[in-house]
Structures are given as C-alpha cells and as structure tokens.
$ cat entry-v4.txt   # compact mmCIF, C-alpha atoms
# COMPACT_ATOMS: atom_id res chain seq x y z
CA MET E 114 15.18 -19.82 21.21
CA THR E 115 12.67 -18.47 23.74
CA PHE E 116 12.04 -14.82 24.40
CA ASP E 117 10.91 -13.02 27.50
CA PHE E 118 7.45 -12.06 26.22
CA GLN E 119 6.27 -11.55 29.79
CA ALA E 120 8.25 -8.33 29.88
CA LEU E 121 5.95 -6.78 27.26
CA PRO E 122 3.54 -4.30 28.84
CA PRO E 123 0.09 -5.84 29.48
CA LEU E 124 -2.91 -4.93 27.34
CA PRO E 125 -5.19 -2.52 29.22
CA SER E 126 -8.62 -4.23 29.31
CA ASP E 127 -10.49 -0.91 29.52
CA ARG E 128 -8.98 0.11 26.18
CA VAL E 129 -10.38 -3.04 24.55
CA LYS E 130 -13.82 -2.22 25.98
CA GLN E 131 -13.53 1.33 24.60
CA ILE E 132 -12.67 0.00 21.15
CA GLU E 133 -15.57 -2.47 21.26
CA ALA E 134 -18.00 0.26 22.30
CA ALA E 135 -16.82 2.64 19.56
CA LEU E 136 -17.02 0.04 16.81
CA VAL E 137 -20.32 -1.51 17.89
CA ALA E 138 -21.92 1.96 18.01
CA ASP E 139 -21.10 2.37 14.31
CA LEU E 140 -21.95 -1.17 13.24
CA LYS E 141 -23.77 -1.38 9.91
CA PRO E 142 -23.85 -4.23 7.42
CA VAL E 143 -21.38 -3.81 4.57
CA ARG E 144 -21.26 -5.54 1.22
CA PRO E 145 -17.84 -7.13 0.56
CA ILE E 146 -15.96 -5.48 -2.28
CA ALA E 147 -16.57 -6.95 -5.74
CA PRO E 148 -14.10 -9.51 -7.10
CA THR E 149 -10.87 -8.22 -8.62
CA SER E 150 -12.04 -9.27 -12.09
CA VAL E 151 -14.90 -6.74 -11.89
CA TYR E 152 -12.48 -3.91 -11.11
CA LEU E 153 -10.05 -5.09 -13.78
CA ALA E 154 -12.87 -4.94 -16.32
CA ALA E 155 -14.07 -1.55 -15.03
CA PHE E 156 -10.63 0.10 -15.22
CA ALA E 157 -9.76 -1.47 -18.57
CA GLY E 158 -13.23 -0.68 -19.97
CA LEU E 159 -13.02 2.97 -18.93
CA PHE E 160 -9.52 3.23 -20.38
CA ALA E 161 -10.60 1.76 -23.72
CA ALA E 162 -13.85 3.73 -23.86
CA ILE E 163 -12.24 7.14 -23.21
CA SER E 164 -9.38 6.43 -25.64
CA ILE E 165 -11.77 5.33 -28.41
CA VAL E 166 -14.17 8.22 -27.81
CA GLY E 167 -11.23 10.67 -27.81
CA GLY E 168 -9.81 9.22 -31.02
CA THR E 169 -13.24 9.26 -32.70
CA ILE E 170 -14.12 12.83 -31.71
CA LEU E 171 -10.74 14.35 -32.55
CA GLY E 172 -9.95 12.31 -35.66
CA GLN E 173 -7.49 9.47 -36.15
CA TYR E 174 -4.71 11.38 -37.95
CA GLY E 175 -2.01 9.81 -35.81
CA TRP E 176 -3.24 6.27 -36.36
CA ARG E 177 -3.26 6.85 -40.13
CA ALA E 178 0.20 8.43 -40.13
CA LEU E 179 1.83 5.55 -38.27
CA SER E 180 3.33 2.62 -40.20
CA GLU E 181 2.34 -0.92 -39.17
CA LEU E 182 5.65 -1.35 -37.32
CA GLN E 183 5.21 1.96 -35.51
CA LYS E 184 1.67 1.02 -34.50
CA ILE E 185 2.94 -2.25 -32.99
CA ALA E 186 5.95 -0.55 -31.37
CA VAL E 187 3.79 2.11 -29.70
CA PHE E 188 0.49 0.44 -28.91
CA VAL E 189 1.72 -2.99 -27.75
CA PRO E 190 3.95 -1.58 -24.94
CA LEU E 191 1.20 0.97 -24.17
CA ALA E 192 -1.31 -1.85 -23.74
CA ALA E 193 1.17 -3.84 -21.65
CA ILE E 194 1.86 -0.89 -19.33
CA THR E 195 -1.87 -0.24 -19.01
CA ALA E 196 -2.60 -3.90 -18.23
CA LEU E 197 0.14 -4.00 -15.57
CA LEU E 198 -0.97 -0.75 -14.00
CA VAL E 199 -4.62 -1.82 -13.91
CA PHE E 200 -3.53 -5.14 -12.37
CA SER E 201 -1.48 -3.25 -9.75
CA ILE E 202 -4.20 -0.72 -8.90
CA THR E 203 -6.88 -3.37 -8.39
CA ARG E 204 -4.52 -5.09 -5.96
CA GLN E 205 -3.54 -1.91 -4.17
CA MET E 206 -7.23 -1.44 -3.28
CA ILE E 207 -7.19 -4.57 -1.11
CA PRO E 208 -4.94 -4.92 1.96
CA ALA E 209 -2.52 -7.86 1.75
CA ALA E 210 -3.19 -8.50 -1.94
CA ARG E 211 -0.26 -10.02 -3.81
CA HIS E 212 1.96 -8.35 -6.45
CA ALA E 213 0.58 -4.83 -5.93
CA ARG E 214 3.93 -3.05 -5.73
CA SER E 215 5.97 -5.29 -8.00
CA SER E 216 3.57 -4.84 -10.92
CA ALA E 217 3.54 -1.04 -10.41
CA LEU E 218 7.34 -1.04 -10.48
CA PHE E 219 7.39 -3.31 -13.51
CA SER E 220 5.00 -1.00 -15.36
CA SER E 221 7.27 1.99 -14.70
CA GLY E 222 10.17 -0.05 -16.10
CA LEU E 223 8.10 -0.80 -19.21
CA PHE E 224 7.32 2.91 -19.52
CA VAL E 225 11.05 3.62 -19.81
CA VAL E 226 11.24 0.91 -22.49
CA LEU E 227 8.36 2.59 -24.37
CA LEU E 228 10.19 5.89 -24.17
CA LEU E 229 13.34 4.30 -25.63
CA ILE E 230 11.33 2.63 -28.40
CA MET E 231 9.76 5.99 -29.29
CA THR E 232 13.17 7.64 -29.59
CA PHE E 233 14.25 4.87 -31.98
CA ILE E 234 11.19 4.61 -34.22
CA PHE E 235 10.42 8.31 -34.66
CA ARG E 236 12.74 10.73 -36.43
CA PRO E 237 13.66 14.26 -35.34
CA ALA E 238 12.28 17.06 -37.50
CA GLN E 239 12.38 20.87 -37.62
CA GLU E 240 9.19 22.46 -36.32
CA SER E 241 8.24 26.09 -36.70
CA ALA E 242 5.80 26.25 -33.78
CA PHE E 243 7.18 23.60 -31.43
CA VAL E 244 5.84 25.10 -28.20
CA ARG E 245 2.48 26.32 -29.54
CA ARG E 246 1.64 23.01 -31.23
CA GLY E 247 3.01 21.11 -28.28
CA LEU E 248 0.84 22.99 -25.82
CA VAL E 249 -2.23 22.21 -27.93
CA CYS E 250 -1.35 18.50 -27.81
CA PHE E 251 -0.58 18.64 -24.09
CA GLY E 252 -3.91 20.36 -23.42
CA THR E 253 -5.75 17.78 -25.53
CA GLY E 254 -4.12 14.93 -23.63
CA MET E 255 -5.01 16.52 -20.30
CA LEU E 256 -8.57 17.11 -21.49
CA PHE E 257 -9.06 13.35 -21.59
CA ALA E 258 -6.72 12.46 -18.73
CA ILE E 259 -8.56 14.59 -16.16
CA PRO E 260 -12.03 13.02 -16.57
CA ALA E 261 -10.35 9.60 -16.68
CA ALA E 262 -8.59 10.41 -13.38
CA CYS E 263 -11.92 11.43 -11.81
CA LEU E 264 -13.59 8.18 -12.89
CA PHE E 265 -10.63 6.10 -11.68
CA ALA E 266 -10.73 7.95 -8.35
CA LEU E 267 -14.40 7.02 -7.96
CA LEU E 268 -13.51 3.35 -8.44
CA LEU E 269 -10.51 3.60 -6.11
CA ARG E 270 -12.63 5.11 -3.33
CA ARG E 271 -14.34 1.75 -2.86
CA GLY E 272 -11.03 0.11 -1.86
CA ALA E 273 -8.71 0.66 1.08
CA ALA E 274 -5.33 1.66 -0.31
CA LEU E 275 -2.65 1.21 2.33
CA SER E 276 -0.02 3.00 0.25
CA PRO E 277 -2.06 6.02 -0.85
CA LEU E 278 0.89 7.80 -2.45
CA LEU E 279 1.67 4.80 -4.64
CA THR E 280 -2.02 4.40 -5.47
CA GLY E 281 -2.33 8.12 -6.26
CA ALA E 282 0.70 8.00 -8.54
CA SER E 283 -0.53 4.78 -10.20
CA GLY E 284 -4.01 6.20 -10.75
CA GLY E 285 -2.50 9.39 -12.14
CA GLY E 286 -0.24 7.32 -14.38
CA LEU E 287 -3.20 5.37 -15.72
CA ALA E 288 -5.09 8.58 -16.44
CA GLY E 289 -1.98 9.95 -18.15
CA LEU E 290 -1.83 6.81 -20.29
CA VAL E 291 -5.39 7.55 -21.44
CA GLY E 292 -4.19 11.00 -22.52
CA LEU E 293 -1.19 9.47 -24.31
CA ALA E 294 -3.35 6.87 -26.07
CA VAL E 295 -5.73 9.59 -27.30
CA LEU E 296 -2.78 11.67 -28.54
CA GLU E 297 -1.15 8.74 -30.33
CA ILE E 298 -4.42 8.04 -32.14
CA HIS E 299 -5.12 11.69 -32.90
CA CYS E 300 -1.85 13.56 -33.42
CA GLY E 301 -0.24 13.12 -36.82
CA ASN E 302 2.99 14.87 -35.82
CA LEU E 303 5.70 12.18 -35.82
CA ASN E 304 8.55 14.44 -34.72
CA VAL E 305 10.32 12.55 -31.94
CA TYR E 306 10.88 15.71 -29.87
CA HIS E 307 7.21 16.61 -30.08
CA ILE E 308 6.15 13.12 -28.96
CA VAL E 309 8.68 12.73 -26.16
CA VAL E 310 8.21 16.25 -24.77
CA TRP E 311 4.50 16.96 -25.23
CA HIS E 312 2.81 13.55 -25.40
CA VAL E 313 4.82 11.79 -22.71
CA SER E 314 4.69 14.80 -20.39
CA VAL E 315 0.94 14.19 -20.00
CA ILE E 316 1.81 10.97 -18.12
CA LEU E 317 4.50 12.59 -15.99
CA VAL E 318 2.27 15.51 -15.02
CA CYS E 319 -0.58 13.12 -14.15
CA VAL E 320 1.70 10.92 -12.01
CA VAL E 321 2.91 13.94 -10.05
CA ALA E 322 -0.65 15.31 -9.74
CA GLY E 323 -1.93 11.93 -8.50
CA PHE E 324 0.89 11.75 -5.96
CA VAL E 325 0.25 15.28 -4.67
CA PHE E 326 -3.51 14.77 -4.56
CA ALA E 327 -3.06 11.52 -2.60
CA SER E 328 -0.61 13.09 -0.15
CA VAL E 329 -2.97 16.01 0.56
CA THR E 330 -6.09 13.86 0.97
CA PHE E 331 -4.18 11.26 2.99
CA LYS E 332 -2.85 13.93 5.37
CA ARG E 333 -6.38 15.22 5.85
CA TRP E 334 -7.65 11.66 6.38
CA THR E 335 -5.03 10.79 9.02
CA SER E 336 -5.48 14.07 10.88
CA ASN E 337 -9.20 13.34 11.31
CA HIS E 338 -8.55 10.88 14.12
CA MET Z 418 -6.15 -23.85 10.76
CA GLU Z 419 -9.45 -24.31 12.59
CA GLU Z 420 -8.76 -21.15 14.56
CA SER Z 421 -8.11 -19.21 11.34
CA ARG Z 422 -11.39 -20.43 9.84
CA ALA Z 423 -13.27 -19.46 12.98
CA LEU Z 424 -11.76 -15.98 12.79
CA GLU Z 425 -12.69 -15.69 9.12
CA GLN Z 426 -16.27 -16.63 9.93
CA LEU Z 427 -16.34 -14.03 12.68
CA MET Z 428 -15.11 -11.45 10.19
CA VAL Z 429 -17.87 -12.34 7.74
CA ARG Z 430 -20.45 -11.95 10.50
CA TYR Z 431 -18.81 -8.67 11.52
CA GLN Z 432 -19.35 -7.47 7.94
CA GLN Z 433 -23.02 -8.38 8.37
CA ALA Z 434 -23.15 -6.16 11.50
CA ASP Z 435 -23.29 -9.02 14.01
CA GLU Z 436 -22.47 -7.34 17.33
CA ILE Z 437 -21.42 -10.54 19.10
CA ALA Z 438 -19.05 -11.44 16.28
CA ALA Z 439 -17.55 -7.94 16.30
CA ARG Z 440 -16.92 -8.08 20.05
CA SER Z 441 -15.53 -11.60 19.83
CA LEU Z 442 -13.18 -10.67 16.99
CA ILE Z 443 -11.89 -7.63 18.87
CA GLU Z 444 -11.34 -9.67 22.04
CA GLN Z 445 -9.56 -12.47 20.20
CA LEU Z 446 -7.32 -10.37 18.00
CA SER Z 447 -6.53 -7.41 20.24
CA PRO Z 448 -3.96 -9.20 22.45
CA GLN Z 449 -1.86 -10.32 19.49
CA LEU Z 450 -2.18 -6.97 17.71
CA TYR Z 451 -1.16 -5.24 20.91
CA ARG Z 452 1.88 -7.51 21.20
CA PHE Z 453 2.72 -6.69 17.56
CA PHE Z 454 2.82 -2.98 18.43
CA ALA Z 455 4.34 -3.29 21.90
CA ALA Z 456 7.07 -5.77 20.94
CA GLN Z 457 8.64 -3.30 18.58
CA TYR Z 458 8.47 -0.20 20.75
CA GLY Z 459 7.86 -1.49 24.27
CA ASN Z 460 5.74 1.54 25.10
CA ALA Z 461 2.31 0.62 26.52
CA GLU Z 462 0.71 4.00 25.81
CA ASP Z 463 1.79 4.10 22.16
CA ALA Z 464 0.89 0.46 21.66
CA SER Z 465 -2.66 0.90 22.96
CA ASP Z 466 -3.11 4.06 20.84
CA MET Z 467 -1.95 2.13 17.79
CA LEU Z 468 -4.30 -0.71 18.69
CA GLN Z 469 -7.25 1.67 18.76
CA ASP Z 470 -6.19 3.27 15.47
CA ALA Z 471 -5.78 -0.16 13.90
CA TRP Z 472 -9.31 -1.19 14.87
CA LEU Z 473 -10.76 2.05 13.53
CA ARG Z 474 -9.07 1.44 10.20
CA ILE Z 475 -10.09 -2.22 10.18
CA HIS Z 476 -13.65 -1.09 10.82
CA ARG Z 477 -13.59 1.42 7.95
CA ALA Z 478 -11.95 -1.05 5.57
CA ARG Z 479 -13.97 -4.11 6.63
CA HIS Z 480 -15.78 -4.27 3.28
CA THR Z 481 -12.44 -4.93 1.55
CA TYR Z 482 -12.07 -8.29 3.26
CA ARG Z 483 -13.23 -10.97 0.84
CA PRO Z 484 -14.82 -14.03 2.46
CA GLY Z 485 -12.67 -17.11 1.95
CA GLU Z 486 -9.40 -15.16 1.89
CA PRO Z 487 -6.96 -15.55 4.83
CA LEU Z 488 -7.87 -12.99 7.50
CA LEU Z 489 -4.64 -12.55 9.44
CA PRO Z 490 -2.55 -11.17 6.54
CA TRP Z 491 -5.38 -8.69 5.83
CA ILE Z 492 -5.44 -7.60 9.48
CA TYR Z 493 -1.66 -7.35 9.76
CA ALA Z 494 -1.33 -5.39 6.52
CA ILE Z 495 -3.54 -2.72 8.11
CA ALA Z 496 -1.75 -2.99 11.48
CA ARG Z 497 1.58 -2.57 9.74
CA CYS Z 498 0.32 0.55 8.01
CA VAL Z 499 -0.84 1.97 11.37
CA ARG Z 500 2.58 1.24 12.88
CA VAL Z 501 4.42 2.98 10.04
CA ASP Z 502 2.11 6.03 10.23
CA SER Z 503 2.50 6.18 13.99
CA TYR Z 504 6.27 5.98 13.67
CA ARG Z 505 6.29 8.86 11.17
CA LYS Z 506 3.96 10.91 13.34
CA ARG Z 507 6.11 10.37 16.43
CA ARG Z 508 9.23 11.29 14.51
CA ARG Z 509 7.59 14.52 13.39
CA ILE Z 510 6.62 15.30 16.97
CA ALA Z 511 10.06 14.34 18.28
CA VAL Z 512 11.87 16.84 16.11
CA ARG Z 513 9.52 19.63 17.27
CA GLU Z 514 9.58 18.88 20.96
CA ILE Z 515 12.44 19.04 23.40
CA LEU Z 516 12.32 16.14 25.78
CA VAL Z 517 12.73 17.53 29.30
CA GLU Z 518 12.14 14.42 31.27
CA VAL Z 519 11.90 10.74 30.48
CA LEU Z 520 9.79 8.69 32.85
CA PRO Z 521 10.77 5.05 32.89
CA GLU Z 522 8.12 2.43 32.14
CA PRO Z 523 7.23 0.43 35.24
CA ALA Z 524 8.72 -3.04 35.02
CA VAL Z 525 6.27 -5.89 34.74
CA ALA Z 526 6.97 -8.84 36.95
CA SER Z 527 7.49 -12.14 35.20
CA ASP Z 528 6.44 -15.49 36.66
CA GLU Z 529 9.32 -17.39 35.15
CA PRO Z 530 12.43 -15.25 34.93
CA SER Z 531 14.30 -15.70 31.69
CA ASP Z 532 18.05 -15.52 31.24
CA LEU Z 533 17.45 -13.57 28.02
CA PRO Z 534 16.87 -9.84 27.81
CA PRO Z 535 13.29 -8.69 27.05
CA PHE Z 536 12.25 -9.23 23.45
CA ASP Z 537 11.85 -5.55 22.58
CA GLU Z 538 15.34 -4.78 23.90
CA LEU Z 539 16.80 -7.77 22.14
CA ILE Z 540 15.47 -6.75 18.74
CA ALA Z 541 15.86 -3.01 19.22
CA GLY Z 542 19.10 -2.85 17.23
CA LEU Z 543 17.84 -4.84 14.26
CA PRO Z 544 16.79 -3.02 11.08
CA ALA Z 545 13.08 -2.17 11.10
CA SER Z 546 12.17 -4.69 8.39
CA GLN Z 547 13.90 -7.57 10.24
CA ARG Z 548 12.35 -6.48 13.54
CA GLU Z 549 8.92 -6.52 11.97
CA VAL Z 550 9.33 -9.98 10.45
CA LEU Z 551 10.70 -11.41 13.69
CA THR Z 552 7.83 -9.92 15.71
CA MET Z 553 5.22 -11.35 13.35
CA LEU Z 554 6.92 -14.75 13.39
CA LYS Z 555 7.76 -15.10 17.07
CA VAL Z 556 5.29 -12.87 18.89
CA ASN Z 557 2.21 -13.12 16.69
CA GLY Z 558 2.83 -16.63 15.38
CA LEU Z 559 2.12 -15.83 11.74
CA THR Z 560 3.36 -18.17 9.02
CA LEU Z 561 5.91 -17.09 6.41
CA GLU Z 562 3.15 -17.00 3.78
CA GLU Z 563 0.94 -14.82 5.97
CA ILE Z 564 3.80 -12.41 6.68
CA ALA Z 565 4.63 -12.22 2.99
CA ARG Z 566 1.05 -11.22 2.20
CA ALA Z 567 0.83 -8.75 5.07
CA THR Z 568 4.07 -7.03 4.09
CA SER Z 569 3.48 -7.17 0.31
CA SER Z 570 6.67 -9.13 -0.25
CA SER Z 571 7.66 -12.62 -1.29
CA VAL Z 572 8.07 -15.63 1.01
CA GLY Z 573 11.74 -15.76 -0.03
CA SER Z 574 12.28 -12.19 1.08
CA VAL Z 575 10.61 -12.87 4.45
CA LYS Z 576 12.78 -15.97 4.94
CA GLN Z 577 15.89 -13.98 4.13
CA LYS Z 578 15.00 -11.23 6.62
CA ALA Z 579 14.23 -13.79 9.34
CA HIS Z 580 17.47 -15.62 8.62
CA ARG Z 581 19.50 -12.42 8.86
CA ALA Z 582 17.74 -11.46 12.08
CA TYR Z 583 18.49 -14.89 13.60
CA GLU Z 584 22.13 -14.64 12.55
CA ARG Z 585 22.42 -11.23 14.16
CA LEU Z 586 20.69 -12.36 17.37
CA ARG Z 587 22.83 -15.48 17.53
CA GLU Z 588 25.98 -13.38 17.32
CA VAL Z 589 24.73 -11.10 20.08
CA LEU Z 590 23.61 -13.90 22.38
CA GLN Z 591 26.91 -15.73 21.97
CA SER Z 592 28.95 -12.62 22.72
CA PRO Z 593 30.04 -12.13 26.38
CA ARG Z 594 28.17 -8.83 26.73
CA ALA Z 595 24.87 -10.23 25.51
CA GLY Z 596 21.91 -8.33 26.77
CA LYS Z 597 20.81 -4.81 27.13
CA GLY Z 598 21.86 -2.61 24.25
CA ALA Z 599 24.14 -5.27 22.81
CA LEU Z 600 22.73 -4.85 19.34
CA SER Z 601 22.77 -1.11 19.27
$ encode --input "entry-v4.txt" --output "structure tokens"
Amino acid sequence: MTFDFQALPPLPSDRVKQIEAALVADLKPVRPIAPTSVYLAAFAGLFAAISIVGGTILGQYGWRALSELQKIAVFVPLAAITALLVFSITRQMIPAARHARSSALFSSGLFVVLLLIMTFIFRPAQESAFVRRGLVCFGTGMLFAIPAACLFALLLRRGAALSPLLTGASGGGLAGLVGLAVLEIHCGNLNVYHIVVWHVSVILVCVVAGFVFASVTFKRWTSNH
Amino acid sequence: MEESRALEQLMVRYQQADEIAARSLIEQLSPQLYRFFAAQYGNAEDASDMLQDAWLRIHRARHTYRPGEPLLPWIYAIARCVRVDSYRKRRRIAVREILVEVLPEPAVASDEPSDLPPFDELIAGLPASQREVLTMLKVNGLTLEEIARATSSSVGSVKQKAHRAYERLREVLQSPRAGKGALS
C-alpha cells in the first residue's frame, strides 16, 4: 500500500532556521538525568525516613495494638502499593519510559484491595468523639504528607513528566501513603470506621491536591509559550 | 540502525552544548516530525507551530535523554504530547470562535500522481489512536517497538491498532466510492 505523501504541505525552511537560532542561543551543557535506580532509592528512602521519624516522634501505639496478622495485612499491601507507585513515578519522569501508566493503574487497584482488607480485619466500634478524634488523626497524617509531597516535588522537578496530571496525582498519592504509614504506626484506634474514613482520606485528599496542583502549574507552564 | 546510532550520538553532543550537533539534529529530525504533525491534520501552519513547540520542549527536557537509550521513541513521546496539547488548545479556541471564512490550503503539486487520496484525507476518519499509530508507522517509519515506547503502550496494542486501521482502510479502498471523505 503506498500513500500520497507528496500531498502533505512542505516544511517551511525558514521555520527550521528560526528553531535552530532559538535553541542555539540558549545552548548550555546539561548533565543527563541520574539512573532510575537513584530515583527509586531517593523516593523509597524519603518515604521510609519520614514514616520512621513520624512513628518515632509520635509513638508507636498503633504498631503495638496490631496483631501479627493485622501488621502483615496492612503493611505488606502498603509496601507493595508504595513500591509500585515509586516505580511508576520514576518512569513518568522520563519520556518514553516503559510501564509508567500501567504500574500507576495497578497501584490504584492494589489500594482498593488494601481498603477491602482493612474492612475485613478491623472491627466496627462505638466512638464517642468520632469526628474530633478523626480530625486529629487526619491532621497528623497531613502534617507528614505535606513535607513528603514537597520533597517528592523537588525530585520530580528534575524529570520531564509528559502526563503532569497523572504525575501530580501519583506524587500526591505517594505523599498520602506516607501519612497513612505514619498513622498506622502511631494511631492505636482500631475502629474500622475511624481507619477507613480518617486514615485513608489522607491519601484521597493528597491525590486530589496533587492533581489540582499539577493542573494549575501545567496550565501556567503551557501558557508561557 | 546506523542512522539511529548517529542520531543518538548527535543527541549526546547536543546535551554537551555542541552547536553543530544541535543544528544537525534539528535539520535531520524536523522533516519527519513535521510530517508526523502534518499527516494527521494536513494544516501547514499548525504543523509548523507544533514543530517549533516540540523543539522547545525537547530542548527543555534534553537532560532526561539517557545516552544509550533509543532516541526516536523519546523524541516522539514529546512530539505526541505536543500534538495532544495543541489539539486541546485548538478545540478550546474553536468553541469560543465563530468561523466566518475558511480559506482552502493551496494544493501542492505532486511529481508522480497517485490513484489514492492524500494520506491525511485517507486517515481522517480513523480513530485518533489508530491514526497516530499509522502515521508513525507509515510516515515516520518507526518500528512497532519504538511506537510502543513513544505511546506508553505495549507492542501488542500497537499491532492491534495498526491491524484495525489497515482493515478499515482496506474496506474503504475496496468500496466503489473510495476517496475523499469515504471514511467519515
């Protein structure tokens, strides 16, 4: 099958010269981005460091209250989601990197699985100050999620995310996971409603915030030229 | 293969601020990038704007190219992003503006007249994803693997889209009213 490519409009040669002139005028040596393994280690290291610091400062009441089975049921999927999200984010930073979207989608699927596991392993209980206690937990989670988000954003700035909304949501999700990890280590309240509403909402709020932040900054970025 | 390696070496030198390499890379890649944009819209003005935008983004993201990695998928991933953004921008403008007059594009004379309709018209009725894959395959000469990397999908998915596009084109070309607007 041959196509009539000749009918395509010709490339204006003066436009190519303009592009060359613009790019050459701004030509500076750049250092190629570090290998993916460096970013994997940086994201995972920050995640672990903030979670451990948070748990140490606030106290590990949640860790002590959880049974062995509950620890495995919560922290293994949490680690798996984190690993997948870190893997996805480090790939989203590089154009044409493989498995960037699929791993982000897979991690959101795993998050739903974690949510289901939580509803099975924790029991509902009556709480006198559901909202007040919940807001304290939510605030604590956000207290660690926000600095984590800022540090992740600094790392992400070095890359060139072609799907900024996905990257914003993924980065927000990862920061939210830091908040959730800190809360699971710290909070000794094992009421399923408390965990699902106030702990998990840290992730959801961070995902939305990351998405909105990315859409605003991306709009500003695209309107600059 | 040799050509790809030469391009990759030019890109590495471009990262090191080699002016000759930068110019050479722009001259070598611009025609095929331009065809990538023009083949899907057929509008010279939009295509050259997208080309300029693509090079600006390539320039800003040049540090994210890792030496030794295939260059073309990296370039086309950025070009694809530019095309999608441009499409969204034009759609936003289109809903705000009332078109009062449409000036036809001047026809470009062809040395060897083909019995087929122009490529952009032929693929105009295909879904955007199939149109994109077909353009990368047939206009830009990318391999299935390169397209898969540029579009963040699997080789199987690219093959499927190409196959569906071929099926659709075959149907159109075999039909008695093959040609302009036959797919739409």
$ closest_residue --input "entry-v4.txt" --among "Z:Tyr583, Z:Trp472, Z:Phe453, Z:Tyr493" --to "Z:Thr552" --atoms "only C-alpha atoms"
Z:Phe453
$ residues_around --input "entry-v4.txt" --residues "stretch 461-469 of chain Z" --least-positions-apart "5" --cutoff "9 Å" --atoms "all atoms listed in the file" --output "list in words"
Leu121, Pro122, Pro123, Leu124, Pro125, Arg128, Val129, Gln131 and Ile132 of chain E; Ser447, Leu450, Tyr451, Arg452, Phe453, Phe454, Ala455, Ala456, Arg474, Ala496, Val499, Arg500, Ser503 and Glu522 of chain Z
$ interface_residues --input "entry-v4.txt" --of "chain Z" --to "chain E" --cutoff "7 Å" --atoms "all atoms listed in the file" --output "ChimeraX atom specification"
/Z:432-434,436,440,443,448,451,455-456,459,461,469,476,478,480-483,490-491,494-495,498,525,527,531,533-536,566-567,569
$ closest_residue --input "entry-v4.txt" --among "Z:Gln449, Z:Asn460, Z:Ser421, Z:Ser592" --to "Z:Gly558" --atoms "only C-alpha atoms"
Z:Gln449
$ closest_residue --input "entry-v4.txt" --among "E:Ser283, E:Ser150, E:Gln173, E:Thr232" --to "E:Ser216" --atoms "only C-alpha atoms"
E:Ser283
$ atom_distance --input "entry-v4.txt" --atom1 "atom CA of E:Val187" --atom2 "atom CA of E:Phe156"
20.5 Å
$ atom_distance --input "entry-v4.txt" --atom1 "atom CA of E:Ile194" --atom2 "atom CA of E:Ala294"
11.5 Å
$ residues_around --input "entry-v4.txt" --residues "E:Ser164" --least-positions-apart "6" --cutoff "8 Å" --atoms "all atoms listed in the file" --output "ChimeraX atom specification"
/E:291-292,294-295
$ closest_atom_pairs --input "entry-v4.txt" --of "stretch 159-193 of chain E" --to "stretch 303-311 of chain E" --cutoff "9 Å" --atoms "all atoms listed in the file" --output "JSON lines"
{"residue": "E:Gly175", "atom": "CA", "partner": "E:Leu303", "partner_atom": "CA", "distance": 8.1}
{"residue": "E:Ala178", "atom": "CA", "partner": "E:Leu303", "partner_atom": "CA", "distance": 7.9}
{"residue": "E:Leu179", "atom": "CA", "partner": "E:Leu303", "partner_atom": "CA", "distance": 8.1}
$ residues_near_point --input "entry-v4.txt" --point "(3.9, -14.2, 7.1)" --cutoff "10 Å" --atoms "only C-alpha atoms" --output "VMD selection string"
chain Z and resid 489 to 490 493 550 to 551 553 to 554 557 to 572 575 to 576
$ atom_distance --input "entry-v4.txt" --atom1 "atom CA of Z:Tyr504" --atom2 "atom CA of Z:Arg548"
13.9 Å
$ residues_around --input "entry-v4.txt" --residues "stretch 317-328 of chain E" --least-positions-apart "6" --cutoff "7 Å" --atoms "all atoms listed in the file" --output "PyMOL selection string"
chain E and resi 277-278+281-286+288-289
$ residues_around --input "entry-v4.txt" --residues "E:Leu290" --least-positions-apart "4" --cutoff "8 Å" --atoms "all atoms listed in the file" --output "list in words"
Leu191, Thr195, Ala258, Gly286, Ala294, Val315 and Ile316 of chain E
$ build_atoms --input "entry-v4.txt" --residues "stretch 137-152 of chain E" --atoms "N, CA and C atoms" --output "short mmCIF file (atom, residue, chain, number, x, y, z; two decimals), keeping the file's coordinate frame"
data_model
loop_
_atom_site.label_atom_id
_atom_site.label_comp_id
_atom_site.auth_asym_id
_atom_site.auth_seq_id
_atom_site.Cartn_x
_atom_site.Cartn_y
_atom_site.Cartn_z
N VAL E 137 -18.94 -0.97 17.86
CA VAL E 137 -20.32 -1.51 17.89
C VAL E 137 -21.33 -0.38 17.67
N ALA E 138 -21.01 0.82 18.18
CA ALA E 138 -21.92 1.96 18.01
C ALA E 138 -22.08 2.33 16.53
N ASP E 139 -21.08 1.99 15.74
CA ASP E 139 -21.10 2.37 14.31
C ASP E 139 -21.29 1.13 13.42
N LEU E 140 -21.87 0.10 13.98
CA LEU E 140 -21.95 -1.17 13.24
C LEU E 140 -23.12 -1.17 12.25
N LYS E 141 -22.75 -1.28 10.98
CA LYS E 141 -23.77 -1.38 9.91
C LYS E 141 -23.32 -2.49 8.98
N PRO E 142 -24.27 -3.18 8.36
CA PRO E 142 -23.85 -4.23 7.42
C PRO E 142 -23.14 -3.62 6.20
N VAL E 143 -22.09 -4.28 5.77
CA VAL E 143 -21.38 -3.81 4.57
C VAL E 143 -21.32 -4.94 3.55
N ARG E 144 -21.36 -4.55 2.30
CA ARG E 144 -21.26 -5.54 1.22
C ARG E 144 -19.78 -5.71 0.88
N PRO E 145 -19.26 -6.96 0.91
CA PRO E 145 -17.84 -7.13 0.56
C PRO E 145 -17.55 -6.60 -0.85
N ILE E 146 -16.37 -6.07 -1.00
CA ILE E 146 -15.96 -5.48 -2.28
C ILE E 146 -16.07 -6.52 -3.41
N ALA E 147 -16.39 -6.05 -4.58
CA ALA E 147 -16.57 -6.95 -5.74
C ALA E 147 -15.26 -7.67 -6.07
N PRO E 148 -15.34 -8.79 -6.75
CA PRO E 148 -14.10 -9.51 -7.10
C PRO E 148 -13.16 -8.65 -7.96
N THR E 149 -11.89 -8.99 -7.89
CA THR E 149 -10.87 -8.22 -8.62
C THR E 149 -11.18 -8.15 -10.11
N SER E 150 -11.75 -9.23 -10.65
CA SER E 150 -12.04 -9.27 -12.09
C SER E 150 -13.00 -8.15 -12.50
N VAL E 151 -13.93 -7.81 -11.60
CA VAL E 151 -14.90 -6.74 -11.89
C VAL E 151 -14.16 -5.40 -12.01
N TYR E 152 -13.23 -5.17 -11.08
CA TYR E 152 -12.48 -3.91 -11.11
C TYR E 152 -11.51 -3.87 -12.30
#
